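Visitor: Next comes structure-v9.txt, compact mmCIF, C-alpha atoms:
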# COMPACT_ATOMS: atom_id res chain seq x y z
CA MET A 24 12.27 -20.08 -9.62
CA ASP A 25 12.13 -16.93 -11.73
CA THR A 26 13.67 -16.89 -15.22
CA HIS A 27 15.70 -13.77 -14.30
CA ASP A 28 17.86 -15.97 -12.04
CA LEU A 29 18.47 -18.64 -14.67
CA THR A 30 22.17 -19.35 -14.98
CA LEU A 31 23.48 -22.44 -16.71
CA ASP A 32 24.24 -24.02 -13.32
CA HIS A 33 20.66 -23.37 -12.13
CA PHE A 34 19.24 -24.82 -15.35
CA LEU A 35 21.44 -27.94 -15.17
CA SER A 36 20.73 -28.65 -11.51
CA ARG A 37 16.97 -28.19 -11.92
CA PHE A 38 16.87 -30.27 -15.12
CA GLN A 39 18.82 -33.11 -13.56
CA LEU A 40 16.99 -33.07 -10.20
CA LEU A 41 13.41 -32.73 -11.41
CA ARG A 42 12.10 -35.66 -13.43
CA PRO A 43 10.00 -34.89 -16.51
CA GLN A 44 6.27 -35.14 -15.99
CA VAL A 45 4.77 -38.12 -17.75
CA ASN A 46 2.45 -36.93 -20.48
CA ASN A 47 -0.27 -38.79 -22.33
CA ALA A 48 0.76 -41.77 -24.39
CA THR A 49 1.77 -40.91 -27.91
CA LEU A 50 -0.22 -42.27 -30.82
CA ASN A 51 2.42 -42.25 -33.54
CA SER A 52 4.86 -45.11 -34.06
CA ARG A 53 7.41 -43.63 -36.50
CA GLN A 54 10.37 -42.34 -34.49
CA ALA A 55 12.07 -38.96 -34.77
CA ALA A 56 14.26 -36.89 -32.46
CA VAL A 57 15.20 -33.24 -32.09
CA LEU A 58 18.13 -31.65 -30.30
CA ILE A 59 17.37 -28.86 -27.84
CA PRO A 60 20.76 -27.11 -28.00
CA VAL A 61 21.47 -25.01 -24.91
CA VAL A 62 24.48 -22.74 -25.45
CA ARG A 63 26.98 -22.93 -22.56
CA ARG A 64 27.17 -19.43 -21.13
CA GLU A 65 26.64 -17.99 -17.65
CA GLN A 66 23.35 -16.67 -19.10
CA PRO A 67 22.64 -19.59 -21.48
CA GLY A 68 21.05 -19.37 -24.90
CA LEU A 69 18.69 -21.66 -26.81
CA LEU A 70 19.64 -22.39 -30.41
CA LEU A 71 16.78 -22.56 -32.91
CA THR A 72 16.46 -22.77 -36.68
CA LYS A 73 14.04 -21.43 -39.22
CA ARG A 74 13.26 -24.16 -41.71
CA SER A 75 13.74 -23.50 -45.39
CA ALA A 76 10.69 -22.19 -47.23
CA ARG A 77 11.42 -24.93 -49.81
CA MET A 78 10.84 -27.77 -47.33
CA ARG A 79 7.86 -30.00 -48.09
CA LYS A 80 6.87 -30.29 -44.41
CA HIS A 81 6.68 -27.29 -42.06
CA PRO A 82 8.27 -24.78 -44.48
CA GLY A 83 9.48 -21.57 -42.85
CA GLN A 84 8.69 -22.71 -39.31
CA VAL A 85 10.95 -22.21 -36.31
CA ALA A 86 12.24 -25.59 -35.17
CA PHE A 87 14.91 -27.48 -33.34
CA PRO A 88 17.42 -29.39 -35.47
CA GLY A 89 16.14 -32.92 -35.88
CA GLY A 90 14.33 -35.45 -37.97
CA ALA A 91 13.41 -39.06 -38.52
CA VAL A 92 15.45 -41.90 -37.10
CA ASP A 93 17.13 -43.85 -39.87
CA ALA A 94 18.66 -47.32 -40.05
CA THR A 95 22.18 -46.02 -39.31
CA ASP A 96 21.19 -44.42 -36.00
CA ALA A 97 22.07 -46.43 -32.90
CA SER A 98 19.52 -44.54 -30.78
CA LEU A 99 17.16 -41.58 -30.62
CA ILE A 100 20.02 -39.52 -29.20
CA ALA A 101 22.24 -40.52 -32.12
CA ALA A 102 19.48 -39.46 -34.55
CA ALA A 103 19.16 -36.03 -32.91
CA LEU A 104 22.93 -35.52 -32.99
CA ARG A 105 23.21 -36.66 -36.63
CA GLU A 106 20.40 -34.35 -37.71
CA ALA A 107 21.90 -31.37 -35.82
CA HIS A 108 25.19 -32.01 -37.60
CA GLU A 109 23.51 -32.30 -41.01
CA GLU A 110 21.30 -29.23 -40.55
CA VAL A 111 23.57 -26.72 -38.78
CA ALA A 112 27.01 -28.40 -38.51
CA ILE A 113 27.00 -29.00 -34.75
CA PRO A 114 29.67 -31.70 -34.27
CA PRO A 115 28.14 -34.59 -32.28
CA GLY A 116 31.25 -34.78 -30.09
CA CYS A 117 30.69 -31.18 -28.95
CA VAL A 118 27.25 -31.91 -27.49
CA GLU A 119 26.99 -32.81 -23.81
CA VAL A 120 23.70 -34.70 -23.69
CA ILE A 121 22.04 -34.14 -20.32
CA GLY A 122 18.78 -36.01 -20.89
CA VAL A 123 15.58 -36.39 -22.85
CA LEU A 124 12.04 -35.14 -22.44
CA PRO A 125 8.97 -37.34 -22.93
CA PRO A 126 8.11 -37.88 -26.62
CA VAL A 127 5.41 -35.83 -28.32
CA ASP A 128 3.30 -36.55 -31.39
CA SER A 129 3.82 -34.47 -34.51
CA VAL A 130 1.03 -33.71 -36.97
CA THR A 131 3.10 -35.49 -39.63
CA GLY A 132 2.81 -38.86 -37.87
CA PHE A 133 6.05 -39.03 -35.86
CA GLN A 134 6.70 -39.67 -32.20
CA VAL A 135 9.35 -36.99 -31.54
CA THR A 136 11.79 -37.32 -28.64
CA PRO A 137 13.42 -34.05 -27.52
CA VAL A 138 17.09 -34.54 -26.55
CA VAL A 139 18.54 -31.79 -24.34
CA GLY A 140 22.21 -31.04 -24.91
CA ILE A 141 24.72 -28.37 -23.93
CA ILE A 142 26.86 -26.94 -26.73
CA PRO A 143 29.96 -24.71 -26.59
CA PRO A 144 29.47 -20.94 -27.07
CA ASN A 145 32.04 -20.62 -29.86
CA LEU A 146 30.63 -23.02 -32.47
CA ARG A 147 30.33 -21.78 -36.03
CA TYR A 148 26.96 -22.80 -37.42
CA HIS A 149 26.68 -23.59 -41.11
CA ALA A 150 23.06 -23.89 -42.13
CA ASN A 151 22.33 -26.56 -44.72
CA ALA A 152 20.62 -24.32 -47.30
CA ASP A 153 18.35 -27.17 -48.44
CA GLU A 154 16.83 -27.45 -44.95
CA VAL A 155 17.53 -24.28 -42.96
CA ASP A 156 17.04 -20.59 -43.83
CA ALA A 157 18.33 -19.17 -40.53
CA VAL A 158 20.00 -20.14 -37.26
CA PHE A 159 19.41 -17.90 -34.25
CA GLU A 160 19.89 -17.88 -30.52
CA MET A 161 17.29 -16.84 -27.98
CA PRO A 162 18.22 -16.21 -24.33
CA LEU A 163 17.19 -19.36 -22.45
CA ALA A 164 15.66 -17.29 -19.65
CA GLU A 165 13.40 -15.58 -22.20
CA ALA A 166 12.58 -18.84 -24.01
CA LEU A 167 11.50 -20.47 -20.75
CA ARG A 168 9.34 -17.56 -19.57
CA LEU A 169 5.93 -19.25 -19.48
CA GLY A 170 4.01 -15.99 -19.90
CA ARG A 171 5.32 -15.57 -23.43
CA TYR A 172 3.30 -18.59 -24.71
CA HIS A 173 -0.33 -18.11 -25.65
CA PRO A 174 -2.76 -21.00 -26.20
CA LEU A 175 -4.85 -21.48 -29.31
CA ASP A 176 -7.44 -24.25 -29.14
CA ILE A 177 -8.24 -25.87 -32.49
CA GLN A 178 -9.90 -29.00 -33.78
CA ARG A 179 -7.78 -31.41 -35.79
CA ARG A 180 -9.22 -34.65 -37.14
CA GLY A 181 -12.23 -34.28 -34.86
CA HIS A 182 -10.17 -33.86 -31.66
CA ASP A 183 -9.55 -30.76 -29.58
CA HIS A 184 -5.92 -29.75 -29.71
CA ARG A 185 -4.05 -26.92 -27.97
CA VAL A 186 -1.30 -25.13 -29.90
CA TRP A 187 1.11 -22.70 -28.21
CA LEU A 188 2.12 -19.45 -29.92
CA SER A 189 4.91 -16.96 -29.27
CA TRP A 190 7.12 -14.38 -30.98
CA TYR A 191 10.83 -13.70 -30.54
CA GLN A 192 12.17 -10.72 -32.47
CA HIS A 193 10.78 -11.36 -35.97
CA TYR A 194 10.47 -15.14 -35.49
CA PHE A 195 7.06 -16.75 -34.92
CA VAL A 196 7.56 -19.72 -32.57
CA TRP A 197 4.56 -22.03 -32.41
CA GLY A 198 3.30 -25.59 -32.61
CA MET A 199 5.46 -28.46 -31.48
CA THR A 200 8.55 -26.28 -30.98
CA ALA A 201 6.74 -23.83 -28.68
CA GLY A 202 5.11 -26.76 -26.88
CA ILE A 203 8.47 -28.45 -26.25
CA ILE A 204 10.03 -25.24 -24.92
CA ARG A 205 7.03 -24.68 -22.67
CA GLU A 206 7.21 -28.27 -21.37
CA LEU A 207 10.92 -27.78 -20.62
CA ALA A 208 10.06 -24.68 -18.58
CA LEU A 209 7.37 -26.59 -16.68
CA GLN A 210 9.69 -29.53 -16.13
CA ILE A 211 12.40 -27.43 -14.48
CA GLY A 212 9.80 -25.76 -12.28
CA LEU A 213 9.74 -22.20 -13.58
CA LYS A 214 6.90 -19.97 -12.49
CA PRO A 215 4.42 -18.56 -15.06
Please rewrite the model in this file as structure tokens.
Guide:
Amino acid sequence: MDTHDLTLDHFLSRFQLLRPQVNNATLNSRQAAVLIPVVRREQPGLLLTKRSARMRKHPGQVAFPGGAVDATDASLIAAALREAHEEVAIPPGCVEVIGVLPPVDSVTGFQVTPVVGIIPPNLRYHANADEVDAVFEMPLAEALRLGRYHPLDIQRRGHDHRVWLSWYQHYFVWGMTAGIIRELALQIGLKP
């Protein structure tokens, strides 16, 4: 499938019919979750945030809303929904959760589970200024275009590690966020 033909119905049917590929086992044990908010439109969007420059971890990076699971969370999905509400005021009841992707390890020691959810097009986002500098939407077809991601091979703690890099407008999308988007594109069977 080509990204030019990506309607919300195409995305939903491909996501629900094609099972995520099993990736390597994660090494981290601390749990976190992020919400991959897909905006419900005929030509859907992908909602992303730019983290506050004042954040201790990953300042200024493009990210999905999310964070560590805490004792009040009933599940990983609940953690992703809570964090999305805290960071950008997405009401949990407005999110239609359609599934999860396999967890990935973060460099900060978390096993992060991406939760894919559909959100209404008319939500008003209110960025929590302590955590988020900007909220922006990228066309989902553009986000899932595999050719926009470029690999950078690095060594971290004595192990080879591939990092994915991309730009959208003036936003630099890289690291775990770019890797998750790229995995979503691969999972729904888009062509490079």
Visitor: Which neighbours of stretch 91-108 of chain A fall inside 9 Å, counting all atoms listed in the file, when residues of the same chain fewer than 2 positions from it are skipped, and could you give them as a PyMOL selection string?
Guide: chain A and resi 53-60+87-89+110-116+118+120+123+133+135-138
Visitor: Just how far from atom CA of A:Gln66 is atom CA of A:Ile141, in Å to one decimal?
Guide: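 If I compute the distance from atom CA of A:Ile141 to atom CA of A:Gln66, I get 12.7 Å.
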Visitor: Excluding A:Ala201 and any residue of its chain fewer than 5 positions from it, enumerate the residues within 8 Å of it, using all atoms listed in the file, and give them as a PyMOL selection string.
Guide: chain A and resi 172+187-189+196
Visitor: Kindly indicate which residue among A:Ala86, A:Val130, A:Phe38, A:Met161 lies nearest to A:Arg179, using only C-alpha atoms for the distances.
Guide: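 Among A:Ala86, A:Val130, A:Phe38, A:Met161, it is A:Val130 that comes nearest to A:Arg179.
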Visitor: Counting all atoms listed in the file, figure out which residue out of A:Pro174, A:Pro162, A:Gly202, A:Pro67 gets nearest to A:His33.
Guide: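 Under the stated criterion, the closest residue is A:Pro67.
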Visitor: Check the smallest atom-to-atom distance from each of A:Ile211, A:Leu70, A:Leu163, A:Ile121 to A:Leu146 using only C-alpha atoms, then report the winner.
Guide: A:Leu70
Visitor: I'd like the contact shell of A:Glu65 - 9 Å cut-off, all atoms listed in the file, skipping same-chain residues fewer than 2 positions apart - returned as a PDB file with C-alpha atoms, in the coordinates of the input.
Guide:
ATOM      1  CA  LEU A  29      18.470 -18.640 -14.670  1.00  0.00           C
ATOM      2  CA  THR A  30      22.170 -19.350 -14.980  1.00  0.00           C
ATOM      3  CA  LEU A  31      23.480 -22.440 -16.710  1.00  0.00           C
ATOM      4  CA  ASP A  32      24.240 -24.020 -13.320  1.00  0.00           C
ATOM      5  CA  ARG A  63      26.980 -22.930 -22.560  1.00  0.00           C
ATOM      6  CA  PRO A  67      22.640 -19.590 -21.480  1.00  0.00           C
TER       7      PRO A  67
END
Visitor: Counting all atoms listed in the file, which of A:Val85, A:Val139, A:Cys117, A:Leu69 gets nearest to A:Trp197?
Guide: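 Counting all atoms listed in the file, the residue closest to A:Trp197 is A:Val85.
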Visitor: Kindly give the distance, in Å, that separates atom CA of A:Gly122 and atom CA of A:Asp28, rounded to a single decimal.
Guide: 21.9 Å
